[in-house]
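Visitor: The following file, model.csv, comprises CSV, C-alpha atoms:
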```
chain,number,residue,atom,x,y,z
A,1,MET,CA,69.0,91.7,122.3
A,2,THR,CA,69.2,95.5,122.5
A,3,LYS,CA,71.4,97.5,120.2
A,4,ASP,CA,73.8,98.3,123.1
A,5,GLU,CA,74.1,94.6,124.1
A,6,LEU,CA,74.7,93.7,120.4
A,7,ARG,CA,77.3,96.4,120.1
A,8,LYS,CA,79.2,95.1,123.1
A,9,GLN,CA,79.1,91.6,121.8
A,10,LEU,CA,80.2,92.6,118.2
A,11,HIS,CA,82.9,94.9,119.5
A,12,ALA,CA,84.5,92.0,121.4
A,13,ALA,CA,84.2,89.7,118.4
A,14,ARG,CA,85.7,92.2,116.1
A,15,ARG,CA,88.6,92.9,118.4
A,16,GLU,CA,89.3,89.1,118.8
A,17,HIS,CA,89.1,88.6,115.0
A,18,VAL,CA,91.5,91.5,114.2
A,19,ALA,CA,93.9,90.5,117.0
A,20,ALA,CA,94.1,87.0,115.5
A,21,LEU,CA,95.0,88.2,112.1
A,22,PRO,CA,98.8,88.4,111.3
A,23,ALA,CA,100.0,91.9,110.8
A,24,SER,CA,100.9,91.1,107.2
A,25,MET,CA,97.3,89.9,106.5
A,26,ARG,CA,95.8,93.1,107.9
A,27,THR,CA,97.8,95.2,105.4
A,28,LEU,CA,96.5,93.1,102.5
A,29,VAL,CA,92.8,93.2,103.1
A,30,PHE,CA,90.8,96.2,101.8
A,31,MET,CA,93.8,97.2,99.5
A,32,ARG,CA,91.5,98.2,96.7
A,33,PRO,CA,87.8,98.1,96.0
A,34,PRO,CA,86.6,94.9,94.3
A,35,ALA,CA,85.7,95.4,90.6
A,36,PRO,CA,81.9,94.8,91.1
A,37,LEU,CA,81.9,97.5,93.7
A,38,LEU,CA,83.4,100.1,91.4
A,39,LYS,CA,80.2,99.9,89.3
A,40,LEU,CA,78.6,101.9,92.2
A,41,VAL,CA,81.2,104.7,91.9
A,42,PRO,CA,80.6,107.4,89.2
A,43,ASP,CA,83.7,108.7,87.5
A,44,ASP,CA,83.5,112.2,89.1
A,45,ALA,CA,82.3,111.1,92.5
A,46,ILE,CA,83.6,112.6,95.7
A,47,ILE,CA,84.5,109.6,97.9
A,48,GLY,CA,83.8,109.8,101.6
A,49,LEU,CA,85.9,107.5,103.9
A,50,TYR,CA,86.7,107.3,107.5
A,51,ARG,CA,89.8,106.9,109.7
A,52,ALA,CA,89.5,103.4,111.1
A,53,THR,CA,90.1,102.6,114.7
A,54,ALA,CA,92.4,99.6,115.5
A,55,SER,CA,89.7,97.0,115.0
A,56,GLU,CA,87.5,98.6,112.3
A,57,ALA,CA,87.9,97.5,108.7
A,58,PRO,CA,90.7,99.7,107.3
A,59,ALA,CA,89.8,102.4,104.8
A,60,ALA,CA,93.2,104.1,104.2
A,61,SER,CA,94.1,102.1,101.1
A,62,TYR,CA,90.8,102.9,99.6
A,63,ALA,CA,91.6,106.6,100.1
A,64,ARG,CA,94.9,106.2,98.2
A,65,TYR,CA,93.3,104.1,95.5
A,66,PHE,CA,90.5,106.5,94.8
A,67,LEU,CA,92.8,109.6,94.9
A,68,GLU,CA,95.0,107.9,92.3
A,69,GLN,CA,91.9,107.3,90.1
A,70,GLY,CA,91.2,111.1,90.1
A,71,HIS,CA,88.5,111.2,92.8
A,72,ALA,CA,88.3,113.9,95.5
A,73,ILE,CA,88.5,112.3,99.0
A,74,ALA,CA,86.6,113.6,102.0
A,75,LEU,CA,86.7,112.6,105.7
A,76,PRO,CA,84.4,113.3,108.6
A,77,ARG,CA,85.1,116.4,110.6
A,78,PHE,CA,83.6,117.6,113.9
A,79,ALA,CA,83.9,121.1,115.3
A,80,ASP,CA,83.4,119.6,118.8
A,81,ARG,CA,81.8,116.5,120.4
A,82,ARG,CA,78.3,117.9,120.1
A,83,ALA,CA,78.6,119.2,116.6
A,84,ALA,CA,77.0,117.6,113.6
A,85,MET,CA,79.3,115.5,111.4
A,86,GLU,CA,80.4,117.2,108.2
A,87,PHE,CA,82.9,116.2,105.5
A,88,ALA,CA,85.9,118.0,104.3
A,89,ARG,CA,88.6,117.4,101.7
A,90,PHE,CA,91.4,115.0,102.5
A,91,THR,CA,94.2,115.7,100.0
A,92,ASP,CA,97.1,113.7,101.4
A,93,PRO,CA,96.2,110.1,102.1
A,94,PHE,CA,99.8,109.0,101.7
A,95,GLU,CA,101.4,111.2,104.4
A,96,GLU,CA,98.2,112.5,106.1
A,97,SER,CA,99.9,115.9,106.4
A,98,ASP,CA,96.5,117.7,106.2
A,99,LEU,CA,94.9,116.0,109.2
A,100,GLU,CA,94.6,117.2,112.8
A,101,ASN,CA,93.4,115.5,116.0
A,102,GLY,CA,89.6,115.8,116.3
A,103,PRO,CA,87.4,116.0,119.4
A,104,PHE,CA,86.9,112.2,119.4
A,105,GLY,CA,90.6,111.5,119.3
A,106,ILE,CA,90.5,110.6,115.6
A,107,ALA,CA,92.5,112.4,112.9
A,108,GLN,CA,90.3,114.6,110.7
A,109,PRO,CA,90.7,117.4,108.1
A,110,SER,CA,91.8,120.7,109.6
A,111,ALA,CA,89.2,123.5,110.3
A,112,THR,CA,90.5,125.2,107.1
A,113,ALA,CA,90.0,122.2,104.8
A,114,GLU,CA,87.4,122.8,102.1
A,115,PRO,CA,84.0,121.2,102.8
A,116,ALA,CA,83.0,118.4,100.5
A,117,ALA,CA,79.9,116.3,100.4
A,118,PRO,CA,80.6,112.7,99.4
A,119,ASP,CA,78.6,111.2,96.5
A,120,VAL,CA,79.8,107.7,97.6
A,121,LEU,CA,80.4,107.2,101.4
A,122,PHE,CA,82.2,104.2,102.8
A,123,VAL,CA,80.8,103.7,106.3
A,124,PRO,CA,82.3,102.0,109.4
A,125,VAL,CA,80.3,99.1,110.7
A,126,VAL,CA,79.9,97.5,114.1
A,127,GLY,CA,77.4,94.9,112.8
A,128,PHE,CA,75.5,94.3,109.6
A,129,ALA,CA,72.8,92.0,108.1
A,130,THR,CA,72.6,90.6,104.6
A,131,ASN,CA,69.7,93.0,103.8
A,132,GLY,CA,71.9,96.1,104.2
A,133,ALA,CA,71.0,97.0,107.8
A,134,ARG,CA,73.9,98.5,109.7
A,135,LEU,CA,74.6,98.8,113.4
A,136,GLY,CA,76.9,101.8,114.1
A,137,GLN,CA,78.7,103.1,117.2
A,138,GLY,CA,75.4,104.5,118.5
A,139,GLY,CA,76.0,108.2,118.0
A,140,GLY,CA,73.8,108.4,115.0
A,141,HIS,CA,76.3,110.6,113.1
A,142,TYR,CA,76.2,108.6,109.8
A,143,ASP,CA,72.4,108.1,109.9
A,144,ARG,CA,71.8,111.8,110.4
A,145,TRP,CA,74.2,112.7,107.6
A,146,LEU,CA,72.8,110.2,105.2
A,147,ALA,CA,69.2,111.2,106.0
A,148,ALA,CA,70.2,114.8,105.1
A,149,ASN,CA,72.0,113.6,101.9
A,150,PRO,CA,69.6,111.1,100.5
A,151,GLY,CA,71.3,110.7,97.1
A,152,THR,CA,74.5,109.4,98.7
A,153,THR,CA,75.6,105.8,97.9
A,154,ALA,CA,76.5,104.4,101.4
A,155,ILE,CA,78.8,101.3,101.4
A,156,GLY,CA,79.8,99.5,104.6
A,157,LEU,CA,83.3,98.1,105.2
A,158,ALA,CA,83.3,95.2,107.7
A,159,TRP,CA,85.0,92.1,108.8
A,160,ASP,CA,83.1,88.8,108.1
A,161,THR,CA,82.7,88.3,111.8
A,162,GLN,CA,80.4,91.3,112.0
A,163,LEU,CA,77.6,89.7,110.1
A,164,VAL,CA,74.5,88.9,112.2
A,165,ASP,CA,71.2,87.3,111.2
A,166,GLU,CA,69.2,90.4,112.0
A,167,LEU,CA,69.5,93.7,113.6
A,168,PRO,CA,66.9,95.8,115.6
A,169,ILE,CA,65.9,98.5,113.1
A,170,GLU,CA,64.6,101.9,114.2
A,171,PRO,CA,62.9,104.5,111.9
A,172,HIS,CA,66.1,106.7,111.8
A,173,ASP,CA,68.4,103.9,110.7
A,174,VAL,CA,69.6,104.4,107.1
A,175,PRO,CA,70.3,101.1,105.3
A,176,LEU,CA,73.5,100.7,103.2
A,177,SER,CA,73.6,100.4,99.4
A,178,ALA,CA,76.2,97.6,99.7
A,179,ILE,CA,78.6,96.0,102.2
A,180,VAL,CA,82.2,94.8,101.5
A,181,THR,CA,84.0,92.3,103.6
A,182,PRO,CA,87.4,90.5,102.9
A,183,THR,CA,85.5,87.6,101.4
A,184,ARG,CA,82.4,89.0,99.6
A,185,ILE,CA,80.2,91.8,98.6
A,186,TYR,CA,76.6,92.0,99.9
A,187,GLY,CA,74.3,94.0,97.6
A,188,PRO,CA,73.8,96.3,96.0
A,189,PHE,CA,70.5,96.7,97.7
A,190,ALA,CA,67.5,98.5,96.2
```
Give the structure from this file in structure tokens form.
Guide:
Amino acid sequence: MTKDELRKQLHAARREHVAALPASMRTLVFMRPPAPLLKLVPDDAIIGLYRATASEAPAASYARYFLEQGHAIALPRFADRRAAMEFARFTDPFEESDLENGPFGIAQPSATAEPAAPDVLFVPVVGFATNGARLGQGGGHYDRWLAANPGTTAIGLAWDTQLVDELPIEPHDVPLSAIVTPTRIYGPFA
């Protein structure tokens, strides 16, 4: 199966899974990082997160949690649809007053927000394997950013239904350091 075929199948499975969850359950999952995962997060780390779409694993509670623990938070920012992904400070994960609509229709830090390179980056996932392989949306934004920032700890957030036996891997695909689902942690991987 090609990556595009697999993406299509996994997008549908993820939408069905999330739609079947009661709204109250959706607010409870991913409320705070599990204790074993926190061992991967240095005390002074800048934490990179993402703004989840309707069916992606939510990251908003992680932003609030890490801010309350004294970490700086960063979100992806794009100057336009063809620009490279960069990260900028996200200072208000409670009210989100410092975000604006980005070129992909996702809220992002304003153009005046201070750039910030995450030390630990929570990454959205379309599919994943138990070895840390990740299938993303297909734009390559995270793979390019991670390749340019090799010291970054990349952790995927996913629903259990996104697990696959194996993924087609290409040379540019950057594996994750760990993956968190509502029921378990995969990794950390070497």
Visitor: From the list A:Asp165, A:Glu96, A:Glu86, A:Asp119, which residue is nearest Arg51 of chain A when using all atoms listed in the file?
Guide: A:Glu96
Visitor: Show me the residues close to (75.9, 115.9, 110.0) - anything with an atom within 6 Å, counting all atoms listed in the file - and format the list as a ChimeraX atom specification.
Guide: /A:84-86,144-145
Visitor: Pick the closest to Ala52 of chain A from A:Ala19, A:Ile179, A:Gln108, A:Ala154: which is it, counting only C-alpha atoms?
Guide: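 Nearest to Ala52 of chain A: A:Gln108.
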Visitor: What gap, in Å, lies between atom CA of Arg7 of chain A and atom CA of Val126 of chain A?
Guide: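 Result for atom CA of Arg7 of chain A versus atom CA of Val126 of chain A: 6.6 Å, one decimal.
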Visitor: For atom CA of Thr161 of chain A and atom CA of Thr181 of chain A, quote the distance in Å rounded to one decimal.
Guide: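 Distance reported for this atom pair: 9.2 Å.
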Visitor: Pick from A:Leu157, A:Leu99, A:Ala57, A:Ala147: nearest to Arg15 of chain A, with only C-alpha atoms counted?
Guide: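 Going through A:Leu157, A:Leu99, A:Ala57, A:Ala147 one by one, the smallest distance to Arg15 of chain A is for A:Ala57.
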Visitor: Env of Leu146 of chain A: 12 Å cut, atoms = all atoms listed in the file, seq-sep filter 3 positions within chain, self excluded. Answer as a ChimeraX atom specification.
Guide: /A:48,84-87,117-123,140-143,149-155,172-177
Visitor: Ile106 of chain A: which residues within 12 Å, counting all atoms listed in the file, same-chain residues fewer than 6 positions away excluded, as a PyMOL selection string?
Guide: chain A and resi 50-54+75-78+80-81+99-100
Visitor: Quick one: everything within 8 Å of Gly136 of chain A, counting all atoms listed in the file, minus sequence neighbours fewer than 2 positions away in the same chain. Send it as a list in words.
Guide: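 Skipping anything fewer than 2 positions along the chain leaves Pro124, Val125, Val126, Gly127, Arg134, Gly138, Gly139 and Gly140 of chain A.
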Visitor: Which residues, written as a list in words, have at least one atom at most 9 Å from segment 29-40 of chain A, with all atoms listed in the file counted and residues fewer than 3 positions away on the same chain left out?
Guide: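 Using all atoms listed in the file, the neighbours found are Met25, Arg26, Ala57, Pro58, Ala59, Ala60, Ser61, Tyr62, Arg64, Tyr65, Phe66, Val120, Thr153, Leu157, Ser177, Ala178, Val180, Thr181, Pro182, Arg184, Ile185 and Pro188 of chain A.
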Visitor: May I have the residues from that selection written out with C-alpha atoms, as an mmCIF file, in the frame of the given file?
Guide:
```cif
data_model
loop_
_atom_site.group_PDB
_atom_site.id
_atom_site.type_symbol
_atom_site.label_atom_id
_atom_site.label_comp_id
_atom_site.auth_asym_id
_atom_site.auth_seq_id
_atom_site.Cartn_x
_atom_site.Cartn_y
_atom_site.Cartn_z
ATOM 1 C CA MET A 25 97.300 89.900 106.500
ATOM 2 C CA ARG A 26 95.800 93.100 107.900
ATOM 3 C CA ALA A 57 87.900 97.500 108.700
ATOM 4 C CA PRO A 58 90.700 99.700 107.300
ATOM 5 C CA ALA A 59 89.800 102.400 104.800
ATOM 6 C CA ALA A 60 93.200 104.100 104.200
ATOM 7 C CA SER A 61 94.100 102.100 101.100
ATOM 8 C CA TYR A 62 90.800 102.900 99.600
ATOM 9 C CA ARG A 64 94.900 106.200 98.200
ATOM 10 C CA TYR A 65 93.300 104.100 95.500
ATOM 11 C CA PHE A 66 90.500 106.500 94.800
ATOM 12 C CA VAL A 120 79.800 107.700 97.600
ATOM 13 C CA THR A 153 75.600 105.800 97.900
ATOM 14 C CA LEU A 157 83.300 98.100 105.200
ATOM 15 C CA SER A 177 73.600 100.400 99.400
ATOM 16 C CA ALA A 178 76.200 97.600 99.700
ATOM 17 C CA VAL A 180 82.200 94.800 101.500
ATOM 18 C CA THR A 181 84.000 92.300 103.600
ATOM 19 C CA PRO A 182 87.400 90.500 102.900
ATOM 20 C CA ARG A 184 82.400 89.000 99.600
ATOM 21 C CA ILE A 185 80.200 91.800 98.600
ATOM 22 C CA PRO A 188 73.800 96.300 96.000
#
```
Visitor: Using only C-alpha atoms, find the one residue out of A:Ala113, A:Val41, A:Ile169, A:Ala107 that sits nearest to Ala129 of chain A.
Guide: A:Ile169
Visitor: Between A:Ala20, A:Thr91, A:Asp43, A:Asp160, which is the closest to Gln69 of chain A once you count all atoms listed in the file?
Guide: A:Asp43
Visitor: Between atom CA of Ile73 of chain A and atom CA of Ala45 of chain A, what distance in Å does the model show, to one decimal?
Guide: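 Answer for the atom CA of Ile73 of chain A to atom CA of Ala45 of chain A separation: 9.1 Å.
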Visitor: Given the choices A:Gly132, A:Ala13, A:Tyr186, A:Pro109, which gets closest to Pro93 of chain A if the distance is worked out from only C-alpha atoms?
Guide: A:Pro109
Visitor: Taking 2 positions as the minimum chain separation for residues in the same chain, which residues sit within 9 Å of Arg14 of chain A when counting only C-alpha atoms? Answer as a VMD selection string.
Guide: chain A and resid 9 to 12 16 to 19 55 to 56 126 159 161 to 162
Visitor: Please write the residues from the selection above to a file, keeping C-alpha atoms, as a PDB file, in the frame of the given file.
Guide:
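The new file out_23.pdb reads:
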```pdb
ATOM      1  CA  GLN A   9      79.100  91.600 121.800  1.00  0.00           C
ATOM      2  CA  LEU A  10      80.200  92.600 118.200  1.00  0.00           C
ATOM      3  CA  HIS A  11      82.900  94.900 119.500  1.00  0.00           C
ATOM      4  CA  ALA A  12      84.500  92.000 121.400  1.00  0.00           C
ATOM      5  CA  GLU A  16      89.300  89.100 118.800  1.00  0.00           C
ATOM      6  CA  HIS A  17      89.100  88.600 115.000  1.00  0.00           C
ATOM      7  CA  VAL A  18      91.500  91.500 114.200  1.00  0.00           C
ATOM      8  CA  ALA A  19      93.900  90.500 117.000  1.00  0.00           C
ATOM      9  CA  SER A  55      89.700  97.000 115.000  1.00  0.00           C
ATOM     10  CA  GLU A  56      87.500  98.600 112.300  1.00  0.00           C
ATOM     11  CA  VAL A 126      79.900  97.500 114.100  1.00  0.00           C
ATOM     12  CA  TRP A 159      85.000  92.100 108.800  1.00  0.00           C
ATOM     13  CA  THR A 161      82.700  88.300 111.800  1.00  0.00           C
ATOM     14  CA  GLN A 162      80.400  91.300 112.000  1.00  0.00           C
TER      15      GLN A 162
END
```
